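What follows is protein_27.csv (CSV, C-alpha atoms and all ligand atoms).
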chain,number,residue,atom,x,y,z
A,144,MET,CA,-18.0,28.9,18.6
A,145,THR,CA,-19.7,28.0,15.3
A,146,THR,CA,-20.6,24.4,14.4
A,147,THR,CA,-18.1,22.8,12.1
A,148,THR,CA,-19.5,21.1,9.0
A,149,VAL,CA,-17.4,18.0,8.1
A,150,LEU,CA,-17.9,16.0,4.9
A,151,VAL,CA,-16.9,12.4,5.4
A,152,ALA,CA,-16.1,10.4,2.2
A,153,GLY,CA,-16.2,6.6,2.7
A,154,ALA,CA,-18.5,7.1,5.8
A,155,THR,CA,-20.2,3.8,4.9
A,156,GLY,CA,-17.0,2.0,5.5
A,157,ASP,CA,-15.5,0.4,8.7
A,158,LEU,CA,-13.3,3.3,9.7
A,159,GLY,CA,-15.5,6.0,8.1
A,160,GLY,CA,-18.5,4.9,10.3
A,161,ARG,CA,-16.4,5.2,13.4
A,162,ILE,CA,-15.2,8.6,12.3
A,163,VAL,CA,-18.8,9.8,11.9
A,164,ALA,CA,-19.6,8.5,15.4
A,165,ALA,CA,-16.6,10.2,16.8
A,166,LEU,CA,-17.4,13.5,15.1
A,167,LEU,CA,-20.9,13.4,16.5
A,168,GLN,CA,-19.4,13.6,20.0
A,169,HIS,CA,-18.5,17.2,19.2
A,170,ASP,CA,-20.2,20.3,17.9
A,171,THR,CA,-20.4,19.2,14.3
A,172,ARG,CA,-22.7,18.7,11.4
A,173,VAL,CA,-21.7,15.7,9.3
A,174,ARG,CA,-22.3,15.3,5.6
A,175,VAL,CA,-21.9,11.8,4.4
A,176,LEU,CA,-20.7,11.6,0.8
A,177,THR,CA,-21.5,8.3,-0.9
A,178,ARG,CA,-21.5,7.1,-4.5
A,179,PRO,CA,-24.7,6.5,-6.5
A,180,GLY,CA,-26.0,3.0,-6.1
A,181,SER,CA,-23.9,2.2,-3.1
A,182,GLY,CA,-27.0,1.9,-1.0
A,183,ALA,CA,-25.0,1.5,2.2
A,184,ALA,CA,-25.4,5.1,3.3
A,185,ASP,CA,-29.2,4.8,3.2
A,186,ARG,CA,-29.1,1.8,5.4
A,187,GLN,CA,-26.6,3.4,7.8
A,188,TYR,CA,-27.6,7.0,7.9
A,189,GLY,CA,-31.1,7.2,6.5
A,190,GLY,CA,-32.6,7.4,3.1
A,191,THR,CA,-33.5,11.0,2.3
A,192,GLY,CA,-30.1,12.3,1.3
A,193,THR,CA,-29.6,14.7,-1.6
A,194,SER,CA,-28.4,13.4,-4.9
A,195,THR,CA,-26.1,15.9,-6.6
A,196,SER,CA,-25.6,14.9,-10.2
A,197,THR,CA,-24.7,17.6,-12.7
A,198,GLY,CA,-27.5,19.7,-13.9
A,199,THR,CA,-30.1,18.0,-11.8
A,200,GLY,CA,-28.7,18.4,-8.3
A,201,THR,CA,-30.7,20.3,-5.8
A,202,GLY,CA,-27.7,21.4,-3.9
A,203,ALA,CA,-26.0,19.6,-1.1
A,204,GLY,CA,-26.9,20.1,2.5
A,205,THR,CA,-30.6,20.0,2.1
A,206,GLY,CA,-31.0,16.3,2.7
A,207,THR,CA,-31.5,15.0,6.2
A,208,GLY,CA,-30.6,11.9,8.0
A,209,ALA,CA,-34.2,11.3,8.9
A,210,GLY,CA,-35.1,7.8,9.5
A,211,THR,CA,-31.6,6.9,10.6
A,212,GLY,CA,-30.6,4.3,13.1
A,213,ALA,CA,-31.2,5.0,16.8
A,214,ASP,CA,-27.7,6.5,17.4
A,215,VAL,CA,-27.5,8.8,14.4
A,216,PRO,CA,-29.1,12.2,15.1
A,217,ALA,CA,-31.2,13.0,12.1
A,218,ASP,CA,-30.8,16.8,12.4
A,219,ARG,CA,-27.0,16.6,12.4
A,220,VAL,CA,-26.2,14.1,9.5
A,221,ASP,CA,-26.9,14.7,5.9
A,222,VAL,CA,-26.3,12.2,3.1
A,223,VAL,CA,-25.2,13.5,-0.3
A,224,THR,CA,-24.7,11.2,-3.3
A,225,ALA,CA,-22.2,12.1,-6.0
A,226,ASP,CA,-20.1,10.3,-8.5
A,227,TYR,CA,-16.4,11.0,-8.2
A,228,SER,CA,-16.2,11.5,-11.9
A,229,ASP,CA,-18.9,14.3,-11.8
A,230,HIS,CA,-16.9,17.4,-10.8
A,231,ALA,CA,-20.0,19.7,-10.6
A,232,ALA,CA,-21.8,17.3,-8.4
A,233,LEU,CA,-18.9,17.0,-6.0
A,234,VAL,CA,-18.5,20.8,-5.9
A,235,SER,CA,-22.2,21.0,-5.1
A,236,ALA,CA,-21.9,18.3,-2.4
A,237,LEU,CA,-19.0,20.3,-0.8
A,238,ALA,CA,-20.8,23.7,-0.6
A,239,GLY,CA,-20.6,25.1,2.9
A,240,VAL,CA,-18.2,22.4,4.1
A,241,ASP,CA,-15.4,23.4,6.4
A,242,VAL,CA,-13.4,20.2,6.5
A,243,VAL,CA,-13.2,17.1,4.3
A,244,VAL,CA,-12.3,13.8,5.9
A,245,SER,CA,-11.6,11.0,3.4
A,246,ALA,CA,-11.9,7.4,4.6
A,247,VAL,CA,-12.3,5.8,1.2
A,248,SER,CA,-10.5,2.6,0.6
A,249,GLY,CA,-9.1,1.0,-2.6
A,250,THR,CA,-6.1,1.1,-4.9
A,251,ARG,CA,-5.1,3.7,-7.6
A,252,ALA,CA,-8.7,4.4,-8.8
A,253,VAL,CA,-9.7,5.4,-5.3
A,254,ILE,CA,-6.6,6.6,-3.3
A,255,VAL,CA,-5.2,8.6,-6.2
A,256,ASP,CA,-8.0,9.2,-8.8
A,257,ALA,CA,-11.1,9.6,-6.6
A,258,GLN,CA,-9.2,11.6,-3.9
A,259,ARG,CA,-7.8,13.9,-6.6
A,260,ALA,CA,-11.4,14.5,-7.8
A,261,LEU,CA,-12.5,15.2,-4.2
A,262,LEU,CA,-9.5,17.5,-3.6
A,263,ALA,CA,-10.1,19.5,-6.8
A,264,ALA,CA,-13.8,19.9,-5.9
A,265,ALA,CA,-12.9,20.8,-2.3
A,266,VAL,CA,-10.6,23.6,-3.5
A,267,GLU,CA,-13.2,24.9,-5.9
A,268,ALA,CA,-15.9,24.9,-3.2
A,269,GLY,CA,-13.6,26.8,-0.8
A,270,VAL,CA,-13.2,24.1,1.7
A,271,GLN,CA,-10.5,25.0,4.2
A,272,ARG,CA,-9.0,21.7,5.3
A,273,PHE,CA,-8.6,18.1,3.9
A,274,ILE,CA,-7.7,14.9,5.7
A,275,PRO,CA,-6.7,12.2,3.2
A,276,SER,CA,-7.4,8.5,3.7
A,277,ASP,CA,-4.0,7.7,5.0
A,278,TYR,CA,-4.4,6.1,8.5
A,279,ALA,CA,-1.2,4.1,7.9
A,280,ALA,CA,2.3,3.8,9.1
A,281,ASP,CA,4.8,6.4,7.9
A,282,TYR,CA,4.8,5.9,4.2
A,283,ARG,CA,6.8,9.0,3.4
A,284,SER,CA,10.3,7.5,3.1
A,285,ILE,CA,9.8,3.9,2.2
A,286,THR,CA,11.9,2.4,-0.6
A,287,PRO,CA,10.2,2.8,-4.0
A,288,GLY,CA,8.6,-0.5,-5.1
A,289,SER,CA,8.4,-1.9,-1.5
A,290,ASN,CA,4.7,-1.2,-0.7
A,291,ARG,CA,2.1,-0.4,-3.4
A,292,ASN,CA,-0.6,0.9,-1.1
A,293,PHE,CA,1.8,3.2,0.8
A,294,GLU,CA,3.2,4.6,-2.5
A,295,LEU,CA,-0.3,5.4,-3.7
A,296,ARG,CA,-0.7,7.5,-0.5
A,297,ARG,CA,2.6,9.2,-1.2
A,298,GLU,CA,1.6,10.0,-4.7
A,299,PHE,CA,-1.7,11.6,-3.6
A,300,ALA,CA,0.2,13.5,-0.8
A,301,ALA,CA,2.2,15.3,-3.4
A,302,ASP,CA,-1.0,16.6,-5.0
A,303,LEU,CA,-2.3,17.6,-1.6
A,304,ASP,CA,0.9,19.5,-0.8
A,305,ALA,CA,0.6,21.4,-4.0
A,306,ALA,CA,-3.1,22.3,-3.5
A,307,PRO,CA,-4.2,25.6,-1.9
A,308,ILE,CA,-5.9,23.9,1.1
A,309,ARG,CA,-4.6,22.9,4.6
A,310,ALA,CA,-4.0,19.2,4.9
A,311,THR,CA,-3.4,16.9,7.8
A,312,SER,CA,-2.6,13.2,7.5
A,313,VAL,CA,-3.2,10.9,10.4
A,314,LEU,CA,-0.5,8.3,10.7
A,315,ASN,CA,-1.1,5.6,13.2
A,316,GLY,CA,0.8,2.4,12.3
A,317,ALA,CA,-1.2,-0.7,11.8
A,318,PHE,CA,-4.7,-1.2,13.2
A,319,THR,CA,-4.3,-3.2,16.4
A,320,ASP,CA,-7.6,-4.9,15.7
A,321,MET,CA,-5.9,-6.8,12.8
A,322,LEU,CA,-3.5,-8.6,15.2
A,323,THR,CA,-6.4,-11.0,16.0
A,324,GLY,CA,-7.6,-11.4,12.4
A,325,GLN,CA,-6.2,-10.2,9.1
A,326,ALA,CA,-2.5,-9.8,10.0
A,327,PRO,CA,-1.2,-13.3,10.3
A,328,MET,CA,1.7,-12.5,12.7
A,329,ILE,CA,0.3,-14.4,15.7
A,330,LEU,CA,-0.4,-18.1,15.2
A,331,PHE,CA,-2.7,-18.5,18.2
A,332,ASP,CA,-3.3,-22.3,17.8
A,333,ARG,CA,0.5,-23.0,17.4
A,334,ARG,CA,1.5,-20.5,20.1
A,335,ARG,CA,3.9,-18.7,17.8
A,336,VAL,CA,4.7,-15.1,17.0
A,337,LEU,CA,6.3,-14.6,13.6
A,338,TYR,CA,8.9,-12.0,12.9
A,339,TRP,CA,11.1,-11.1,10.0
A,340,SER,CA,14.8,-10.1,10.5
A,341,SER,CA,14.5,-8.7,14.0
A,342,ALA,CA,12.2,-9.6,17.0
A,343,ASP,CA,13.2,-6.3,18.5
A,344,GLN,CA,12.0,-4.0,15.8
A,345,VAL,CA,9.4,-1.5,17.3
A,346,LEU,CA,6.0,-1.8,15.6
A,347,ASP,CA,3.3,0.9,15.9
A,348,PHE,CA,-0.3,-0.1,16.6
A,349,THR,CA,-3.5,1.9,17.1
A,350,THR,CA,-7.1,0.6,17.3
A,351,LYS,CA,-9.7,1.7,14.7
A,352,ASP,CA,-11.7,3.4,17.4
A,353,ASP,CA,-8.7,5.4,18.7
A,354,VAL,CA,-7.8,6.4,15.1
A,355,ALA,CA,-11.4,7.5,14.5
A,356,ARG,CA,-11.3,9.5,17.8
A,357,VAL,CA,-8.1,11.3,16.8
A,358,THR,CA,-9.3,11.9,13.3
A,359,ALA,CA,-12.4,13.7,14.6
A,360,LEU,CA,-10.2,15.8,16.9
A,361,VAL,CA,-7.8,16.6,14.0
A,362,ALA,CA,-10.9,17.6,11.9
A,363,LEU,CA,-11.9,20.1,14.5
A,364,ASP,CA,-8.3,21.5,15.0
A,365,PRO,CA,-7.6,24.3,12.6
A,366,GLY,CA,-4.0,24.4,13.8
A,367,ALA,CA,-3.3,20.7,13.1
A,368,PRO,CA,0.1,20.3,11.4
A,369,ARG,CA,0.6,18.5,8.1
A,370,VAL,CA,1.0,15.1,9.9
A,371,VAL,CA,-0.3,14.0,13.2
A,372,GLU,CA,1.3,10.8,14.4
A,373,VAL,CA,-0.3,8.6,17.1
A,374,ALA,CA,0.3,5.1,18.4
A,375,GLY,CA,-1.9,3.4,20.8
A,376,ASP,CA,1.0,1.1,21.5
A,377,ARG,CA,4.5,0.5,20.4
A,378,VAL,CA,5.7,-3.0,20.9
A,379,THR,CA,8.2,-5.6,19.4
A,380,ALA,CA,7.4,-9.1,18.4
A,381,ARG,CA,9.3,-10.3,21.4
A,382,GLN,CA,7.1,-8.2,23.7
A,383,ILE,CA,3.9,-9.5,22.0
A,384,ALA,CA,5.1,-13.1,22.6
A,385,ALA,CA,5.8,-12.3,26.3
A,386,THR,CA,2.3,-10.6,26.6
A,387,LEU,CA,0.6,-13.6,25.1
A,388,SER,CA,2.5,-16.0,27.4
A,389,ARG,CA,1.5,-14.0,30.5
A,390,LEU,CA,-2.2,-13.7,29.3
A,391,THR,CA,-2.5,-17.4,28.6
A,392,GLY,CA,-0.2,-18.9,31.1
A,393,THR,CA,1.5,-20.9,28.3
A,394,THR,CA,4.6,-20.1,26.4
A,395,PHE,CA,4.2,-18.3,23.1
A,396,ARG,CA,7.5,-18.7,21.2
A,397,LEU,CA,9.0,-16.4,18.6
A,398,GLN,CA,9.4,-17.8,15.2
A,399,TRP,CA,11.8,-16.3,12.6
A,400,ALA,CA,10.0,-16.3,9.3
A,401,GLY,CA,12.9,-15.1,7.2
A,402,THR,CA,14.5,-11.7,6.4
A,403,VAL,CA,12.8,-8.6,5.3
A,404,GLY,CA,14.7,-9.0,2.1
A,405,THR,CA,13.3,-12.5,1.3
A,406,LEU,CA,9.8,-11.4,2.3
A,407,SER,CA,10.1,-8.4,-0.1
A,408,ALA,CA,11.3,-10.7,-2.9
A,409,MET,CA,8.3,-13.1,-2.2
A,410,ALA,CA,5.9,-10.1,-2.4
A,411,LYS,CA,7.4,-9.1,-5.7
A,412,VAL,CA,6.9,-12.6,-7.1
A,413,GLY,CA,3.4,-12.8,-5.6
A,414,ARG,CA,2.5,-9.5,-7.3
A,415,ARG,CA,3.9,-10.6,-10.6
A,416,LEU,CA,1.9,-13.8,-10.5
A,417,SER,CA,-1.4,-12.2,-9.4
A,418,LYS,CA,-3.9,-11.6,-12.1
A,419,ASP,CA,-5.6,-8.6,-10.6
A,420,ASP,CA,-3.4,-5.7,-9.5
A,421,ASP,CA,-6.4,-3.8,-8.4
A,422,GLU,CA,-7.4,-5.9,-5.4
A,423,PRO,CA,-6.7,-3.7,-2.3
A,424,PHE,CA,-5.4,-6.3,0.1
A,425,PRO,CA,-4.0,-9.4,-1.7
A,426,ALA,CA,-1.6,-11.7,0.2
A,427,TRP,CA,1.5,-10.0,-1.5
A,428,GLN,CA,0.3,-6.6,-0.2
A,429,GLY,CA,0.1,-8.1,3.3
A,430,MET,CA,3.7,-9.1,2.9
A,431,GLN,CA,4.6,-5.6,1.8
A,432,TYR,CA,3.1,-4.2,5.0
A,433,PHE,CA,5.3,-6.5,7.1
A,434,VAL,CA,8.3,-5.5,5.0
A,435,SER,CA,7.6,-1.8,5.8
A,436,MET,CA,7.0,-2.5,9.5
A,437,PHE,CA,9.9,-5.0,10.1
A,438,SER,CA,12.4,-3.0,8.1
A,439,GLY,CA,11.7,0.0,10.4
A,440,GLU,CA,11.2,2.1,7.3
A,441,ALA,CA,7.6,3.0,8.2
A,442,GLU,CA,8.2,3.4,11.9
A,443,LEU,CA,6.7,6.5,13.4
A,444,HIS,CA,9.2,8.9,14.8
A,445,HIS,CA,7.1,11.9,16.0
A,446,VAL,CA,4.3,10.3,18.0
A,447,ASP,CA,2.3,12.9,19.8
A,448,ASP,CA,-0.3,11.0,21.8
A,449,GLU,CA,-0.8,13.9,24.1
A,450,ARG,CA,-1.7,16.4,21.4
A,451,TYR,CA,-5.4,16.3,22.4
A,452,GLY,CA,-4.9,15.7,26.1
A,453,GLU,CA,-4.9,12.7,28.3
A,454,HIS,CA,-6.6,9.6,26.9
A,455,HIS,CA,-6.5,5.9,27.7
A,456,TRP,CA,-5.2,4.4,24.4
A,457,THR,CA,-6.2,0.8,23.9
A,458,THR,CA,-3.0,-1.3,24.0
A,459,VAL,CA,-2.0,-4.4,22.2
A,460,ARG,CA,-2.4,-6.2,25.5
A,461,ASP,CA,-6.0,-4.9,25.8
A,462,VAL,CA,-6.9,-6.2,22.3
A,463,LEU,CA,-5.3,-9.6,22.8
A,464,ALA,CA,-6.9,-10.0,26.3
A,465,ALA,CA,-10.3,-9.2,24.8
A,466,HIS,CA,-9.7,-11.7,22.0
A,467,LEU,CA,-8.7,-14.5,24.4
A,468,GLY,CA,-11.5,-13.6,26.8
A,469,VAL,CA,-9.1,-13.3,29.7
B,501,LIG,N1,-3.5,1.0,9.2
B,501,LIG,C1,-4.1,-0.1,9.0
B,501,LIG,O1,-3.8,-1.2,9.5
B,501,LIG,C2,-5.4,-0.1,8.1
B,501,LIG,C3,-6.1,-1.3,8.0
B,501,LIG,C4,-7.3,-1.2,7.2
B,501,LIG,C5,-7.6,-0.1,6.6
B,501,LIG,N2,-6.8,1.0,6.7
B,501,LIG,C6,-7.2,2.3,5.9
B,501,LIG,O2,-8.3,2.9,6.5
B,501,LIG,C7,-9.1,3.6,5.5
B,501,LIG,C8,-10.5,3.1,5.5
B,501,LIG,O3,-10.5,1.7,5.3
B,501,LIG,P1,-11.8,0.8,5.6
B,501,LIG,O4,-11.4,-0.6,5.9
B,501,LIG,O5,-12.7,1.5,6.7
B,501,LIG,O6,-12.6,0.9,4.2
B,501,LIG,P2,-13.9,0.2,3.8
B,501,LIG,O7,-14.7,-0.4,4.9
B,501,LIG,O8,-13.6,-0.8,2.7
B,501,LIG,O9,-14.8,1.4,3.2
B,501,LIG,C9,-14.3,2.4,2.4
B,501,LIG,C10,-15.4,3.2,1.8
B,501,LIG,O10,-14.8,3.7,0.6
B,501,LIG,C11,-15.8,4.0,-0.4
B,501,LIG,N3,-15.3,3.5,-1.7
B,501,LIG,C12,-15.1,2.2,-2.1
B,501,LIG,N4,-14.8,2.1,-3.4
B,501,LIG,C13,-14.7,3.4,-3.8
B,501,LIG,C14,-14.4,4.0,-5.0
B,501,LIG,N5,-14.1,3.2,-6.1
B,501,LIG,N6,-14.5,5.3,-5.1
B,501,LIG,C15,-14.8,6.1,-4.1
B,501,LIG,N7,-15.1,5.6,-2.9
B,501,LIG,C16,-15.1,4.2,-2.7
B,501,LIG,C17,-17.0,3.3,0.0
B,501,LIG,O11,-18.0,4.3,0.3
B,501,LIG,P3,-19.4,4.5,-0.5
B,501,LIG,O12,-19.8,3.2,-1.1
B,501,LIG,O13,-20.4,5.0,0.5
B,501,LIG,O14,-19.0,5.5,-1.6
B,501,LIG,C18,-16.6,2.4,1.3
B,501,LIG,O15,-17.6,2.4,2.3
B,501,LIG,C19,-8.3,3.3,4.2
B,501,LIG,O16,-7.4,4.3,3.9
B,501,LIG,C20,-7.6,2.0,4.5
B,501,LIG,O17,-6.5,1.7,3.7
B,501,LIG,C21,-5.7,1.1,7.4

Once you've parsed the file, please lay out its structure as structure tokens.
Amino acid sequence: MTTTTVLVAGATGDLGGRIVAALLQHDTRVRVLTRPGSGAADRQYGGTGTSTSTGTGTGAGTGTGAGTGADVPADRVDVVTADYSDHAALVSALAGVDVVVSAVSGTRAVIVDAQRALLAAAVEAGVQRFIPSDYAADYRSITPGSNRNFELRREFAADLDAAPIRATSVLNGAFTDMLTGQAPMILFDRRRVLYWSSADQVLDFTTKDDVARVTALVALDPGAPRVVEVAGDRVTARQIAATLSRLTGTTFRLQWAGTVGTLSAMAKVGRRLSKDDDEPFPAWQGMQYFVSMFSGEAELHHVDDERYGEHHWTTVRDVLAAHLGV
């Protein structure tokens, strides 16, 4: 078996860092791609990476992760710096790479434009496989206009399908971790669980660490299909309320927050009123995620949690129990 070289774009981010850690559990060399001036890669992975700007680049793969934090093996992680608008620098950064894993985050300029640039460079550099920054619910058949971030993924997926490279998307539903923070579905202090239209709609959740683990396994799986669907847990709002009641010994009630249709209309108004359409996660985008989930349009239908063997997936209950300290 030869060591697989995986380039991770967005490795300085929350999920990207976890993907790098998961890749390092296997026989891999990891190349971290970061933008000039970001600075985060130096802090996270060491400061002697190669810069590959056009004309002056010394070629990717010669930098080392020397001086990295304790748990980043210096001899297995390189940092390469390239601007996504610099095609030659990207091609140079991708030389000798087997698989690209994208974990970049943003709106059109990132999910469509930067990933298109990365894809074009990957094709030119002869990279065999590409994993886009999806890590989402099933965005493929949602209603047009119902979820901006999902539709940007769908737009880039069309490019990926047309490119001469093998692609695999990881679809995982929502990050379970968000139930205790960013996703305002559980009102812990008021002991309420919100739902729209139906408290019995199945919702897919996977923790960031489980998504990272599966993404690393997908990166090392040359036979991976176009889409790998996983779900650490599949629960309804009703089941979440029951779980919280059991965990706390006090009743968490369901609260109807309206229909999916009214939520969708509110998101449209919110978007129209918002000054900056480029913010990745404004409140109206959060509403659109709930629309996609509670309408059932983005539900996963081909979950294959066993694809890479037995694994204890972290459940919604596990995450809630840890949050509540019970
Ligand atoms: N399913 C869910 O519930 C859920 C929740 C949250 C996130 N996600 C998804 O998970 C993925 C990773 O998200 P994250 O939260 O880990 O992201 P993050 O922490 O914000 O980091 C993303 C990385 O993207 C790179 N980046 C930022 N702006 C860029 C630009 N203009 N061009 C190119 N690269 C840029 C940065 O790397 P450098 O500065 O090093 O270049 C940054 O570290 C995204 O697809 C996100 O939508 C899914």

Practice problem: Find the residues near Val255 in chain A: any atom within 12 Å, counting all atoms listed in the file, skip ones fewer than 4 places away on the same chain, and give them as a ChimeraX atom specification. | Solution: /A:227,245,247-251,259-263,275-277,291-303

Print the selection's residues with C-alpha atoms to a file, as a CSV table (one decimal), in the coordinates of the input.
chain,number,residue,atom,x,y,z
A,227,TYR,CA,-16.4,11.0,-8.2
A,245,SER,CA,-11.6,11.0,3.4
A,247,VAL,CA,-12.3,5.8,1.2
A,248,SER,CA,-10.5,2.6,0.6
A,249,GLY,CA,-9.1,1.0,-2.6
A,250,THR,CA,-6.1,1.1,-4.9
A,251,ARG,CA,-5.1,3.7,-7.6
A,259,ARG,CA,-7.8,13.9,-6.6
A,260,ALA,CA,-11.4,14.5,-7.8
A,261,LEU,CA,-12.5,15.2,-4.2
A,262,LEU,CA,-9.5,17.5,-3.6
A,263,ALA,CA,-10.1,19.5,-6.8
A,275,PRO,CA,-6.7,12.2,3.2
A,276,SER,CA,-7.4,8.5,3.7
A,277,ASP,CA,-4.0,7.7,5.0
A,291,ARG,CA,2.1,-0.4,-3.4
A,292,ASN,CA,-0.6,0.9,-1.1
A,293,PHE,CA,1.8,3.2,0.8
A,294,GLU,CA,3.2,4.6,-2.5
A,295,LEU,CA,-0.3,5.4,-3.7
A,296,ARG,CA,-0.7,7.5,-0.5
A,297,ARG,CA,2.6,9.2,-1.2
A,298,GLU,CA,1.6,10.0,-4.7
A,299,PHE,CA,-1.7,11.6,-3.6
A,300,ALA,CA,0.2,13.5,-0.8
A,301,ALA,CA,2.2,15.3,-3.4
A,302,ASP,CA,-1.0,16.6,-5.0
A,303,LEU,CA,-2.3,17.6,-1.6

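Using all atoms listed in the file, we find that the residues with an atom at most 6 Å from any atom of ligand LIG 501 (chain B) are Gly153, Ala154, Thr155, Gly156, Asp157, Leu158, Gly159, Thr177, Arg178, Ser181, Ala184, Ala246, Val247, Ser248, Gly249, Val253, Ala257, Ser276, Asp277, Tyr278, Ala279, Gly316, Ala317 and Phe318 of chain A.
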
Exercise. Skip Ile329 in chain A itself and residues of its chain fewer than 2 positions away, then list as number ranges by chain all residues within 10 Å of it, counting all atoms listed in the file.
Key: A: 322-324, 326-327, 331-338, 380, 383-384, 387, 395, 397-398

Exercise. Tell me which protein, DNA and RNA residues are within 9 Å of range 359-369 of chain A, counting only C-alpha atoms, leaving out same-chain ones fewer than 6 positions away, and put them as a list in words.
Key: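 The neighbour list is Thr147, Val149, Ile162, Val163, Ala164, Ala165, Leu166, Leu167, Gln168, His169, Asp170, Thr171, Val242, Val243, Val244, Gln271, Arg272, Phe273, Ile274, Asp304, Arg309, Ala310, Thr311, Ser312, Val313 and Tyr451 of chain A.
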
Please write the residues from the selection above to a file, keeping C-alpha atoms, as a PDB file, in the coordinates of the input.
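Written out: result-v2.pdb:
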ATOM      1  CA  THR A 147     -18.100  22.800  12.100  1.00  0.00           C
ATOM      2  CA  VAL A 149     -17.400  18.000   8.100  1.00  0.00           C
ATOM      3  CA  ILE A 162     -15.200   8.600  12.300  1.00  0.00           C
ATOM      4  CA  VAL A 163     -18.800   9.800  11.900  1.00  0.00           C
ATOM      5  CA  ALA A 164     -19.600   8.500  15.400  1.00  0.00           C
ATOM      6  CA  ALA A 165     -16.600  10.200  16.800  1.00  0.00           C
ATOM      7  CA  LEU A 166     -17.400  13.500  15.100  1.00  0.00           C
ATOM      8  CA  LEU A 167     -20.900  13.400  16.500  1.00  0.00           C
ATOM      9  CA  GLN A 168     -19.400  13.600  20.000  1.00  0.00           C
ATOM     10  CA  HIS A 169     -18.500  17.200  19.200  1.00  0.00           C
ATOM     11  CA  ASP A 170     -20.200  20.300  17.900  1.00  0.00           C
ATOM     12  CA  THR A 171     -20.400  19.200  14.300  1.00  0.00           C
ATOM     13  CA  VAL A 242     -13.400  20.200   6.500  1.00  0.00           C
ATOM     14  CA  VAL A 243     -13.200  17.100   4.300  1.00  0.00           C
ATOM     15  CA  VAL A 244     -12.300  13.800   5.900  1.00  0.00           C
ATOM     16  CA  GLN A 271     -10.500  25.000   4.200  1.00  0.00           C
ATOM     17  CA  ARG A 272      -9.000  21.700   5.300  1.00  0.00           C
ATOM     18  CA  PHE A 273      -8.600  18.100   3.900  1.00  0.00           C
ATOM     19  CA  ILE A 274      -7.700  14.900   5.700  1.00  0.00           C
ATOM     20  CA  ASP A 304       0.900  19.500  -0.800  1.00  0.00           C
ATOM     21  CA  ARG A 309      -4.600  22.900   4.600  1.00  0.00           C
ATOM     22  CA  ALA A 310      -4.000  19.200   4.900  1.00  0.00           C
ATOM     23  CA  THR A 311      -3.400  16.900   7.800  1.00  0.00           C
ATOM     24  CA  SER A 312      -2.600  13.200   7.500  1.00  0.00           C
ATOM     25  CA  VAL A 313      -3.200  10.900  10.400  1.00  0.00           C
ATOM     26  CA  TYR A 451      -5.400  16.300  22.400  1.00  0.00           C
TER      27      TYR A 451
END

Quiz prompt | A:Gln344, A:Gln187, A:Ser435, A:Thr457 ranked by distance to Val378 in chain A, top pick (using all atoms listed in the file) | solution = A:Gln344

Quiz item: Using all atoms listed in the file, which residue out of A:Ala400, A:Val373, A:Ala408, A:Val222 lies closest to Gly182 in chain A?
Solution: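 Closest residue, counting all atoms listed in the file: A:Val222.
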
Self-check item: For CA of Asp461 in chain A and CA of Phe437 in chain A, the interatomic separation in Å (one decimal)
Solution: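 Answer for the CA of Asp461 in chain A to CA of Phe437 in chain A separation: 22.3 Å.
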
Quiz item: Distance CA of Phe433 in chain A-CA of Val459 in chain A, one decimal place?
Solution: 16.9 Å

Quiz item: Excluding same-chain residues fewer than 3 positions from Thr350 in chain A, what lies within 8 Å of it counting all atoms listed in the file, as a PyMOL selection string?
Solution: chain A and resi 318-320+353-354+375+457

In the coordinate frame of the file, compute which residues have an atom within 12 Å of (1.7, -8.7, 1.0) when using only C-alpha atoms, and state them as a short mmCIF file (atom, residue, chain, number, x, y, z; two decimals) with C-alpha atoms, in the frame of the given file.
data_model
loop_
_atom_site.label_atom_id
_atom_site.label_comp_id
_atom_site.auth_asym_id
_atom_site.auth_seq_id
_atom_site.Cartn_x
_atom_site.Cartn_y
_atom_site.Cartn_z
CA SER A 289 8.40 -1.90 -1.50
CA ASN A 290 4.70 -1.20 -0.70
CA ARG A 291 2.10 -0.40 -3.40
CA ASN A 292 -0.60 0.90 -1.10
CA PHE A 293 1.80 3.20 0.80
CA GLN A 325 -6.20 -10.20 9.10
CA ALA A 326 -2.50 -9.80 10.00
CA PRO A 327 -1.20 -13.30 10.30
CA VAL A 403 12.80 -8.60 5.30
CA LEU A 406 9.80 -11.40 2.30
CA SER A 407 10.10 -8.40 -0.10
CA ALA A 408 11.30 -10.70 -2.90
CA MET A 409 8.30 -13.10 -2.20
CA ALA A 410 5.90 -10.10 -2.40
CA LYS A 411 7.40 -9.10 -5.70
CA VAL A 412 6.90 -12.60 -7.10
CA GLY A 413 3.40 -12.80 -5.60
CA ARG A 414 2.50 -9.50 -7.30
CA ARG A 415 3.90 -10.60 -10.60
CA SER A 417 -1.40 -12.20 -9.40
CA GLU A 422 -7.40 -5.90 -5.40
CA PRO A 423 -6.70 -3.70 -2.30
CA PHE A 424 -5.40 -6.30 0.10
CA PRO A 425 -4.00 -9.40 -1.70
CA ALA A 426 -1.60 -11.70 0.20
CA TRP A 427 1.50 -10.00 -1.50
CA GLN A 428 0.30 -6.60 -0.20
CA GLY A 429 0.10 -8.10 3.30
CA MET A 430 3.70 -9.10 2.90
CA GLN A 431 4.60 -5.60 1.80
CA TYR A 432 3.10 -4.20 5.00
CA PHE A 433 5.30 -6.50 7.10
CA VAL A 434 8.30 -5.50 5.00
CA SER A 435 7.60 -1.80 5.80
CA MET A 436 7.00 -2.50 9.50
#

Quiz item: Interatomic distance between CA of Val173 in chain A and CA of Val220 in chain A?
Solution: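 Distance reported for this atom pair: 4.8 Å.
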
Quiz prompt | Contact residues around Ala264 in chain A with all atoms listed in the file at 8 Å, ignoring same-chain residues under 6 positions, as a ChimeraX atom specification | solution = /A:230-231,233-234,237
